[in-house]
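Novice: What follows is the file run_31.tsv, containing TSV, C-alpha atoms:
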chain	number	residue	atom	x	y	z
A	1	MET	CA	136.35	-13.69	96.22
A	2	ILE	CA	135.98	-15.07	99.68
A	3	TYR	CA	134.78	-12.70	102.40
A	4	GLU	CA	135.13	-13.55	106.06
A	5	VAL	CA	131.96	-12.59	107.91
A	6	PHE	CA	131.89	-11.44	111.52
A	7	ARG	CA	128.62	-11.21	113.33
A	8	GLN	CA	127.47	-9.25	116.39
A	9	GLU	CA	124.52	-10.76	118.15
A	10	ARG	CA	123.68	-7.87	120.46
A	11	LYS	CA	124.95	-4.35	120.82
A	12	GLY	CA	127.98	-4.18	123.05
A	13	GLN	CA	129.05	-7.75	122.38
A	14	PRO	CA	132.20	-8.56	120.42
A	15	LEU	CA	131.90	-9.40	116.74
A	16	GLN	CA	132.65	-13.06	116.28
A	17	HIS	CA	133.58	-14.99	113.20
A	18	ALA	CA	130.42	-16.43	111.69
A	19	GLY	CA	131.64	-17.99	108.45
A	20	THR	CA	132.29	-16.89	104.90
A	21	VAL	CA	130.50	-15.83	101.77
A	22	GLU	CA	131.80	-16.24	98.25
A	23	ALA	CA	130.90	-13.39	95.94
A	24	PRO	CA	132.25	-11.67	92.83
A	25	ASP	CA	132.53	-8.30	94.59
A	26	GLU	CA	131.69	-6.43	97.77
A	27	ARG	CA	128.20	-5.49	96.65
A	28	PHE	CA	127.23	-9.12	96.07
A	29	ALA	CA	128.99	-10.09	99.30
A	30	GLU	CA	126.90	-7.64	101.30
A	31	ILE	CA	123.64	-8.96	99.89
A	32	TYR	CA	124.67	-12.56	100.45
A	33	ALA	CA	125.95	-11.97	103.98
A	34	ARG	CA	122.74	-10.14	104.87
A	35	GLU	CA	120.64	-13.08	103.72
A	36	GLN	CA	122.87	-15.77	105.19
A	37	TYR	CA	123.70	-14.25	108.55
A	38	GLY	CA	120.97	-11.72	109.15
A	39	ARG	CA	117.64	-12.80	107.79
A	40	ARG	CA	116.49	-14.36	111.05
A	41	GLN	CA	117.25	-11.26	113.09
A	42	GLU	CA	120.21	-13.12	114.56
A	43	SER	CA	122.62	-10.22	114.05
A	44	VAL	CA	122.68	-6.50	114.76
A	45	SER	CA	125.88	-5.92	112.82
A	46	LEU	CA	128.01	-7.74	110.27
A	47	TRP	CA	131.59	-7.08	109.24
A	48	LEU	CA	132.84	-8.28	105.89
A	49	VAL	CA	136.54	-8.67	105.35
A	50	PRO	CA	138.10	-9.87	102.10
A	51	ARG	CA	140.09	-12.96	102.98
A	52	GLU	CA	143.29	-11.50	101.50
A	53	ALA	CA	143.02	-8.56	103.88
A	54	VAL	CA	143.48	-10.92	106.79
A	55	SER	CA	147.03	-11.39	108.12
A	56	GLU	CA	147.44	-14.76	109.65
A	57	ILE	CA	149.97	-15.82	112.26
A	58	ALA	CA	150.01	-19.56	112.75
A	59	GLU	CA	153.46	-20.49	114.02
A	60	PHE	CA	154.43	-20.24	117.65
A	61	PRO	CA	157.75	-22.02	118.24
A	62	ASP	CA	158.53	-23.07	121.78
A	63	GLU	CA	161.75	-24.99	121.37
A	64	PHE	CA	162.77	-24.79	125.02
A	65	GLU	CA	159.38	-25.54	126.52
A	66	MET	CA	159.22	-22.43	128.59
A	67	LYS	CA	156.24	-23.67	130.53
A	68	TYR	CA	156.50	-20.92	133.09
A	69	ARG	CA	155.41	-18.42	130.43
A	70	ARG	CA	152.16	-20.23	129.75
A	71	VAL	CA	149.01	-19.55	131.68
A	72	ASP	CA	148.60	-23.25	132.38
A	73	GLY	CA	152.30	-23.93	132.96
A	74	TYR	CA	152.34	-22.94	136.55
A	75	SER	CA	150.36	-25.29	138.77
A	76	ILE	CA	149.43	-23.69	142.03
A	77	LYS	CA	147.47	-26.63	143.41
A	78	ALA	CA	150.46	-28.69	144.47
A	79	ARG	CA	152.01	-25.67	146.15
A	80	LEU	CA	148.80	-24.90	148.00
A	81	ARG	CA	148.61	-28.45	149.24
A	82	GLU	CA	152.14	-28.32	150.57
A	83	ALA	CA	151.47	-25.04	152.30
A	84	ARG	CA	148.29	-26.41	153.91
A	85	GLU	CA	150.11	-29.51	155.10
A	86	ARG	CA	152.68	-27.31	156.75
A	87	ALA	CA	149.98	-25.23	158.36
A	88	GLY	CA	147.99	-28.30	159.45
A	89	THR	CA	144.78	-27.07	157.69
A	90	LEU	CA	144.70	-29.64	154.90
A	91	GLU	CA	141.50	-31.47	156.02
A	92	ALA	CA	139.50	-28.29	156.42
A	93	ALA	CA	140.42	-26.77	153.08
A	94	PRO	CA	137.97	-26.95	150.16
A	95	GLY	CA	139.19	-29.33	147.49
A	96	ALA	CA	141.41	-31.04	150.04
A	97	GLY	CA	140.93	-34.42	148.40
A	98	ASP	CA	142.29	-33.22	145.03
A	99	THR	CA	145.23	-35.26	143.94
A	100	GLU	CA	147.28	-32.86	141.87
B	1	MET	CA	84.51	-7.82	98.66
B	2	SER	CA	85.24	-4.12	98.91
B	3	GLU	CA	87.56	-2.04	96.80
B	4	ARG	CA	89.97	-2.21	99.74
B	5	THR	CA	90.02	-6.00	99.98
B	6	ASP	CA	90.28	-6.24	96.17
B	7	LEU	CA	93.39	-4.11	96.31
B	8	LEU	CA	94.94	-6.03	99.22
B	9	ILE	CA	94.26	-9.40	97.63
B	10	ALA	CA	95.62	-8.32	94.24
B	11	ILE	CA	98.93	-7.26	95.78
B	12	ALA	CA	99.03	-10.31	98.06
B	13	ASP	CA	98.50	-12.56	95.03
B	14	ASP	CA	101.38	-10.80	93.24
B	15	GLU	CA	103.69	-11.38	96.18
B	16	LEU	CA	102.58	-14.98	96.70
B	17	PHE	CA	103.02	-15.97	93.07
B	18	LEU	CA	106.31	-14.13	92.62
B	19	GLY	CA	107.62	-15.68	95.83
B	20	TRP	CA	106.55	-19.07	94.60
B	21	ARG	CA	108.08	-18.60	91.14
B	22	ASN	CA	111.35	-17.31	92.58
B	23	SER	CA	111.48	-20.25	94.97
B	24	GLU	CA	111.62	-22.53	91.95
B	25	TRP	CA	115.31	-21.65	91.84
B	26	THR	CA	115.93	-23.13	95.27
B	27	GLY	CA	118.58	-25.80	94.85
B	28	ILE	CA	119.35	-24.95	91.23
B	29	ALA	CA	120.33	-21.26	91.28
B	30	PRO	CA	123.54	-20.39	89.41
B	31	PHE	CA	125.67	-20.71	92.54
B	32	LEU	CA	125.26	-21.54	96.19
B	33	GLU	CA	125.29	-18.05	97.73
B	34	GLU	CA	122.75	-16.85	95.18
B	35	ASP	CA	120.63	-19.89	95.91
B	36	VAL	CA	120.45	-18.99	99.60
B	37	ALA	CA	119.86	-15.28	98.94
B	38	PHE	CA	117.22	-15.70	96.26
B	39	SER	CA	115.37	-18.32	98.29
B	40	SER	CA	115.38	-15.96	101.25
B	41	ILE	CA	113.99	-13.15	99.10
B	42	ALA	CA	111.29	-15.51	97.82
B	43	GLN	CA	110.32	-16.36	101.40
B	44	ASN	CA	110.18	-12.69	102.21
B	45	GLU	CA	107.68	-12.06	99.39
B	46	ILE	CA	105.48	-14.82	100.75
B	47	GLY	CA	105.67	-13.18	104.18
B	48	HIS	CA	104.40	-9.97	102.62
B	49	ALA	CA	101.59	-11.91	100.97
B	50	ARG	CA	100.60	-13.30	104.37
B	51	ALA	CA	100.47	-9.87	105.99
B	52	LEU	CA	98.31	-8.52	103.17
B	53	TYR	CA	95.98	-11.54	103.20
B	54	GLU	CA	95.60	-11.18	106.96
B	55	LEU	CA	94.50	-7.59	106.59
B	56	ALA	CA	91.96	-8.55	103.92
B	57	ALA	CA	90.86	-11.62	105.90
B	58	ALA	CA	90.07	-9.53	108.97
B	59	GLU	CA	87.62	-7.50	106.91
B	60	LEU	CA	86.13	-10.51	105.12
B	61	GLY	CA	85.82	-12.72	108.21
B	62	THR	CA	88.11	-15.42	106.82
B	63	THR	CA	91.77	-16.43	107.19
B	64	ALA	CA	94.96	-15.74	105.26
B	65	ASP	CA	95.31	-19.45	104.43
B	66	GLU	CA	91.85	-19.63	102.97
B	67	LEU	CA	92.50	-16.59	100.81
B	68	ALA	CA	95.88	-17.88	99.70
B	69	PHE	CA	94.96	-21.47	98.95
B	70	ASP	CA	91.22	-22.09	98.83
B	71	ARG	CA	90.27	-20.05	95.79
B	72	THR	CA	89.91	-21.47	92.30
B	73	PRO	CA	92.65	-20.54	89.78
B	74	ASP	CA	90.28	-18.10	88.02
B	75	GLU	CA	89.78	-16.14	91.23
B	76	TYR	CA	93.41	-15.09	91.65
B	77	ARG	CA	94.05	-11.46	90.88
B	78	CYS	CA	97.81	-11.49	90.40
B	79	ALA	CA	99.39	-9.73	87.44
B	80	PRO	CA	100.26	-12.09	84.58
B	81	LEU	CA	103.92	-11.05	84.98
B	82	VAL	CA	104.24	-13.18	88.12
B	83	GLN	CA	102.33	-16.11	86.66
B	84	LEU	CA	104.86	-16.79	83.91
B	85	ARG	CA	107.23	-19.67	84.42
B	86	ARG	CA	110.60	-18.58	83.10
B	87	LEU	CA	113.30	-20.72	84.62
B	88	GLU	CA	116.07	-18.90	82.80
B	89	TRP	CA	118.32	-16.60	84.79
B	90	ALA	CA	118.25	-13.46	82.62
B	91	ARG	CA	114.45	-13.62	82.47
B	92	THR	CA	114.25	-14.21	86.18
B	93	ILE	CA	116.40	-11.16	86.82
B	94	ALA	CA	114.46	-9.09	84.28
B	95	ARG	CA	111.17	-10.01	85.94
B	96	HIS	CA	112.60	-9.48	89.40
B	97	TRP	CA	113.85	-6.00	88.47
B	98	LEU	CA	110.69	-5.01	86.59
B	99	TYR	CA	108.48	-6.20	89.42
B	100	GLU	CA	110.51	-4.52	92.16
B	101	THR	CA	110.58	-1.26	90.21
B	102	ALA	CA	106.83	-1.35	89.61
B	103	ASP	CA	106.27	-2.36	93.23
B	104	GLU	CA	108.31	0.60	94.44
B	105	ILE	CA	106.04	2.96	92.48
B	106	ARG	CA	102.93	1.19	93.76
B	107	LEU	CA	104.15	1.20	97.38
B	108	ALA	CA	104.93	4.92	97.20
B	109	ALA	CA	101.32	5.54	96.19
B	110	LEU	CA	99.99	3.24	98.93
B	111	LYS	CA	102.14	4.84	101.62
B	112	ALA	CA	100.20	8.05	100.92
B	113	SER	CA	96.87	6.26	101.46
B	114	ASP	CA	94.26	7.71	103.85
B	115	ASP	CA	93.75	4.21	105.24
B	116	PRO	CA	96.27	3.90	108.09
B	117	ASP	CA	96.45	0.09	107.84
B	118	ILE	CA	97.28	0.23	104.15
B	119	ALA	CA	99.75	3.08	104.53
B	120	GLY	CA	101.37	1.20	107.44
B	121	ILE	CA	101.73	-2.14	105.71
B	122	ALA	CA	103.07	-0.41	102.58
B	123	ALA	CA	105.73	1.37	104.63
B	124	LYS	CA	106.76	-1.90	106.31
B	125	MET	CA	106.92	-3.76	103.03
B	126	ASP	CA	108.89	-0.97	101.41
B	127	ARG	CA	111.58	-1.15	104.09
B	128	GLU	CA	112.15	-4.81	103.25
B	129	GLU	CA	111.68	-4.44	99.50
B	130	ALA	CA	114.56	-1.98	99.56
B	131	TYR	CA	116.89	-4.99	99.91
B	132	HIS	CA	115.15	-6.87	97.14
B	133	ARG	CA	115.71	-3.82	94.96
B	134	MET	CA	119.40	-3.72	95.90
B	135	HIS	CA	119.67	-7.35	94.85
B	136	ALA	CA	117.85	-6.71	91.55
B	137	GLU	CA	119.90	-3.58	90.77
B	138	MET	CA	123.14	-5.40	91.43
B	139	TRP	CA	122.21	-8.17	89.01
B	140	VAL	CA	121.07	-5.72	86.33
B	141	ASP	CA	124.44	-3.98	86.57
B	142	ARG	CA	126.15	-7.34	86.34
B	143	LEU	CA	124.24	-8.29	83.19
B	144	LEU	CA	124.74	-4.86	81.63
B	145	SER	CA	128.49	-5.12	82.16
B	146	THR	CA	129.05	-7.63	79.35
B	147	GLU	CA	127.79	-7.86	75.79
B	148	GLU	CA	126.28	-11.27	76.30
B	149	GLY	CA	124.58	-10.21	79.51
B	150	ARG	CA	123.15	-7.08	77.87
B	151	ALA	CA	121.82	-9.13	74.94
B	152	ARG	CA	120.18	-11.67	77.22
B	153	LEU	CA	118.67	-9.00	79.42
B	154	ASP	CA	117.38	-7.07	76.39
B	155	GLU	CA	115.72	-10.15	74.99
B	156	ALA	CA	114.05	-10.82	78.34
B	157	LEU	CA	112.93	-7.18	78.65
B	158	ASP	CA	111.40	-7.23	75.18
B	159	GLU	CA	109.33	-10.22	76.18
B	160	LEU	CA	108.37	-9.12	79.68
B	161	TRP	CA	107.79	-5.39	79.26
B	162	PRO	CA	104.06	-5.61	78.34
B	163	TYR	CA	103.60	-7.79	81.42
B	164	ALA	CA	105.48	-5.36	83.65
B	165	LEU	CA	103.11	-2.56	82.61
B	166	GLY	CA	100.24	-4.82	83.66
B	167	VAL	CA	101.38	-4.81	87.30
B	168	LEU	CA	100.33	-1.18	87.68
B	169	ASP	CA	97.15	0.78	87.14
B	170	ASP	CA	96.98	3.05	84.09
B	171	GLU	CA	98.04	6.21	85.85
B	172	LEU	CA	101.27	4.75	87.24
B	173	ARG	CA	102.49	3.17	84.00
B	174	PRO	CA	104.21	6.22	82.49
B	175	GLU	CA	106.36	6.49	85.61
B	176	LEU	CA	107.44	2.86	85.25
B	177	ARG	CA	108.40	3.44	81.62
B	178	ARG	CA	110.32	6.58	82.51
B	179	ARG	CA	112.31	4.89	85.27
B	180	ALA	CA	112.95	1.71	83.32
B	181	GLU	CA	114.12	3.43	80.15
B	182	GLU	CA	116.38	5.75	82.08
B	183	ARG	CA	117.92	2.98	84.16
B	184	LEU	CA	118.30	0.44	81.39
B	185	GLY	CA	119.50	2.92	78.81
B	186	ARG	CA	117.13	1.77	76.12
B	187	GLU	CA	113.63	2.25	74.74
B	188	LEU	CA	111.05	-0.31	75.70
B	189	PRO	CA	108.45	-1.69	73.29
B	190	ASP	CA	105.29	0.31	72.71
B	191	ALA	CA	103.09	-2.64	73.52
B	192	GLU	CA	99.61	-3.25	74.86
B	193	PRO	CA	99.88	-4.01	78.62
B	194	VAL	CA	99.02	-7.56	79.74
B	195	SER	CA	96.79	-6.51	82.59
B	196	ARG	CA	95.63	-7.97	85.84
B	197	GLY	CA	92.64	-10.26	85.45
B	198	ALA	CA	94.14	-12.17	82.53
B	199	HIS	CA	95.34	-15.68	83.34
B	200	GLU	CA	98.35	-17.22	81.73
B	201	ALA	CA	98.31	-20.94	80.94
B	202	GLU	CA	101.04	-21.53	83.56
B	203	LEU	CA	98.82	-20.32	86.39
B	204	ALA	CA	96.89	-23.59	86.58
B	205	GLY	CA	100.07	-25.64	86.97
B	206	LEU	CA	101.38	-23.45	89.73
B	207	TRP	CA	98.02	-23.48	91.51
B	208	GLU	CA	97.96	-27.30	91.37
B	209	GLU	CA	101.37	-27.49	92.99
B	210	MET	CA	100.83	-24.69	95.48
B	211	THR	CA	97.55	-26.05	96.85
B	212	MET	CA	98.29	-29.77	96.52
B	213	VAL	CA	99.16	-30.49	100.13
B	214	ARG	CA	96.32	-28.42	101.51
B	215	ARG	CA	93.78	-30.08	99.19
B	216	SER	CA	95.06	-33.52	100.17
B	217	ALA	CA	94.09	-32.96	103.79
B	218	PRO	CA	90.51	-32.88	105.06
B	219	ALA	CA	88.98	-29.44	105.57
B	220	GLY	CA	89.68	-28.06	109.02
B	221	THR	CA	92.99	-29.87	109.44
B	222	GLN	CA	95.22	-28.02	111.88
B	223	TRP	CA	98.80	-27.64	110.67
Can you turn what I pasted into structure tokens?

Specialist:
Amino acid sequence: MIYEVFRQERKGQPLQHAGTVEAPDERFAEIYAREQYGRRQESVSLWLVPREAVSEIAEFPDEFEMKYRRVDGYSIKARLREARERAGTLEAAPGAGDTE
Amino acid sequence: MSERTDLLIAIADDELFLGWRNSEWTGIAPFLEEDVAFSSIAQNEIGHARALYELAAAELGTTADELAFDRTPDEYRCAPLVQLRRLEWARTIARHWLYETADEIRLAALKASDDPDIAGIAAKMDREEAYHRMHAEMWVDRLLSTEEGRARLDEALDELWPYALGVLDDELRPELRRRAEERLGRELPDAEPVSRGAHEAELAGLWEEMTMVRRSAPAGTQW
């Protein structure tokens, strides 16, 4: 059995994926995860999740390239530049030399 | 040497030798995760040895390193159980379980000591040994779950039982027998304990290896 191990470095922080352990059952997995991800005091909490309990989503079709829905699909720099040119404040603005 | 330093050194020697013996599996344990875990447990035992040597060294005006590595093989006080070289997994697990169970009984007695340093170090060790015990218990269950595993474990227990008794003083031995027979679901041999002070033939070989690097360097070398 493969267990996915999530590790919390300090209280209040999110648990982040640390790696895996392979073990015949949960009891072995707990011992192995403790030694592999906790023996150096590098974790305050570990979560163990059997790999088959994880639902994966890995396909995100975007057939029509709807760029406007992406966070990076909407460039504001060019628009700012145009607006500054119109206002005559282009030289004074920070990042005025940027080309985009 | 006082009775107190004798006690500390005897337990430190147990932990050092067991840690060393268990570390002989590093790189060749049955599978990778076990390799990492068992090596880590071995390191932990050696850490306990260091803490105990330090406590004794403070009283004797020496250092933990000198106590650990600068004695002659005859001067070590570890129980013969931890001297044995048994690079076979069922025997390793049998020894691991027998030692941890005996150690739990010994630590319980030490935690009640009038000496605050000894009671304190025993409590600290016990909190870490709890995880060694979990590991040992899990493997015992695993071996007991199949006929072959049970047979291999039984054979190892028959061999190692007299040595396990030797880890403890007389008065604590009946408790070890009671716990072991109850847990393992079998009677253990009525054998003469192989007590502390005896030296197995394998001790010399381990001592050679363990002290080799230190002996190769001039006295006073700073590491």

Novice: Can you write out as a tab-separated table which residues of chain A fall within 7 Å of chain B, alongside each residue's closest atom pair and its distance in Å to one decimal, counting only C-alpha atoms and ordering rows by chain and ascending residue number?

Specialist:
residue	atom	partner	partner_atom	distance
A:Val21	CA	B:Glu33	CA	7.0
A:Glu22	CA	B:Glu33	CA	6.8
A:Ile31	CA	B:His135	CA	6.6
A:Tyr32	CA	B:Ala37	CA	5.7
A:Glu35	CA	B:Ala37	CA	5.3
A:Gln36	CA	B:Val36	CA	6.9

Novice: May I ask for the distance between CA of Arg177 (chain B) and CA of Gly47 (chain B), given in Å to one decimal place?

Specialist: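 Between CA of Arg177 (chain B) and CA of Gly47 (chain B) the gap works out to 28.2 Å.
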
Novice: Near region 159-171 of chain B, counting only C-alpha atoms, which residues have an atom at most 8 Å away, once you skip same-chain residues fewer than 4 positions from it, shown as an mmCIF file with C-alpha atoms, keeping the file's coordinate frame?

Specialist:
data_model
loop_
_atom_site.group_PDB
_atom_site.id
_atom_site.type_symbol
_atom_site.label_atom_id
_atom_site.label_comp_id
_atom_site.auth_asym_id
_atom_site.auth_seq_id
_atom_site.Cartn_x
_atom_site.Cartn_y
_atom_site.Cartn_z
ATOM 1 C CA ALA B 79 99.390 -9.730 87.440
ATOM 2 C CA PRO B 80 100.260 -12.090 84.580
ATOM 3 C CA LEU B 81 103.920 -11.050 84.980
ATOM 4 C CA ALA B 94 114.460 -9.090 84.280
ATOM 5 C CA ARG B 95 111.170 -10.010 85.940
ATOM 6 C CA LEU B 98 110.690 -5.010 86.590
ATOM 7 C CA TYR B 99 108.480 -6.200 89.420
ATOM 8 C CA ALA B 102 106.830 -1.350 89.610
ATOM 9 C CA ARG B 106 102.930 1.190 93.760
ATOM 10 C CA GLU B 155 115.720 -10.150 74.990
ATOM 11 C CA LEU B 176 107.440 2.860 85.250
ATOM 12 C CA LEU B 188 111.050 -0.310 75.700
ATOM 13 C CA PRO B 189 108.450 -1.690 73.290
ATOM 14 C CA ALA B 191 103.090 -2.640 73.520
ATOM 15 C CA GLU B 192 99.610 -3.250 74.860
ATOM 16 C CA PRO B 193 99.880 -4.010 78.620
ATOM 17 C CA VAL B 194 99.020 -7.560 79.740
ATOM 18 C CA SER B 195 96.790 -6.510 82.590
ATOM 19 C CA ARG B 196 95.630 -7.970 85.840
#

Novice: With a distance cut-off of 10 Å and all atoms listed in the file, select the neighbouring residues of Asn22 (chain B), excluding the residue or stretch itself and same-chain residues fewer than 2 positions from it, and output the selection as a VMD selection string.

Specialist: chain B and resid 16 to 20 24 to 26 29 38 to 43 45 82 85 to 87 92 to 93 95 to 96

Novice: Would you mind telling me which residue in B:Ala119, B:Ile28, B:Leu144, B:Ile11 lies nearest to His48 (chain B) when using all atoms listed in the file?

Specialist: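 Ranked by minimum distance to His48 (chain B), first place goes to B:Ile11.
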
Novice: Find the spatial neighbours of Ile105 (chain B), counting only C-alpha atoms, within a cut-off of 9 Å - ignore same-chain residues fewer than 3 positions away - and output them as a list in words.

Specialist: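 The residues that qualify are Glu100, Thr101, Ala102, Ala108, Ala109, Leu110, Leu168, Leu172, Glu175 and Leu176 of chain B.
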
Novice: Would you mind telling me which residue in B:Leu184, B:Ala90, B:Arg214, B:Glu209 lies nearest to Leu153 (chain B) when using all atoms listed in the file?

Specialist: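 Ranked by minimum distance to Leu153 (chain B), first place goes to B:Ala90.
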
Novice: In the coordinate frame of the file, compute which residues have an atom within 12 Å of (94.8, -18.2, 108.4) when using all atoms listed in the file, and state them as an MDAnalysis selection string.

Specialist: chainID B and resid 49:58 61:70 220:223

Novice: Within 12 Å of (140.3, -10.3, 100.9) (file coordinates; only C-alpha atoms), which protein or nucleic acid residues are there? I'd like them as a PyMOL selection string.

Specialist: chain A and resi 1-5+20-26+29+48-55

Novice: Interatomic distance between CA of Thr72 (chain B) and CA of Glu208 (chain B)?

Specialist: 10.0 Å

Novice: How many Å lie between CA of Glu9 (chain A) and CA of Ile46 (chain B), rounded to one decimal?

Specialist: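 Taking CA of Glu9 (chain A) as the start and CA of Ile46 (chain B) as the end point, the length is 26.1 Å.
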
Novice: Using only C-alpha atoms, pick whichever of B:Asp115, B:Ala198, B:Glu128, B:Trp89 has the shortest atom-to-atom distance to Gly149 (chain B).

Specialist: B:Trp89

Novice: Please determine, counting all atoms listed in the file, which residue among B:Val140, B:Pro218, B:Ile9, B:Tyr76 has the shortest atom-to-atom distance to Leu203 (chain B).

Specialist: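 Between B:Val140, B:Pro218, B:Ile9, B:Tyr76, the residue approaching Leu203 (chain B) most closely is B:Tyr76.
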
Novice: So which one's closest to Val44 (chain A), A:Lys77, A:Arg10, A:Arg86, A:Arg70? Using all atoms listed in the file, please.

Specialist: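 Looking only at the distances to Val44 (chain A), the closest residue turns out to be A:Arg10.
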
Novice: Determine, counting all atoms listed in the file, which protein, DNA and RNA residues have an atom within 9 Å of an atom of Tyr37 (chain A); residues of the same chain fewer than 5 positions away are not included. Present the result as a PDB file with C-alpha atoms, in the frame of the given file.

Specialist:
ATOM      1  CA  VAL A   5     131.960 -12.590 107.910  1.00  0.00           C
ATOM      2  CA  ARG A   7     128.620 -11.210 113.330  1.00  0.00           C
ATOM      3  CA  ALA A  18     130.420 -16.430 111.690  1.00  0.00           C
ATOM      4  CA  GLY A  19     131.640 -17.990 108.450  1.00  0.00           C
ATOM      5  CA  TYR A  32     124.670 -12.560 100.450  1.00  0.00           C
ATOM      6  CA  GLU A  42     120.210 -13.120 114.560  1.00  0.00           C
ATOM      7  CA  SER A  43     122.620 -10.220 114.050  1.00  0.00           C
ATOM      8  CA  LEU A  46     128.010  -7.740 110.270  1.00  0.00           C
TER       9      LEU A  46
END

Novice: Which of these residues is nearest to Ala122 (chain B), using all atoms listed in the file: B:Ala180, B:Glu104, B:Cys78, B:Arg152?

Specialist: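 Going through B:Ala180, B:Glu104, B:Cys78, B:Arg152 one by one, the smallest distance to Ala122 (chain B) is for B:Glu104.
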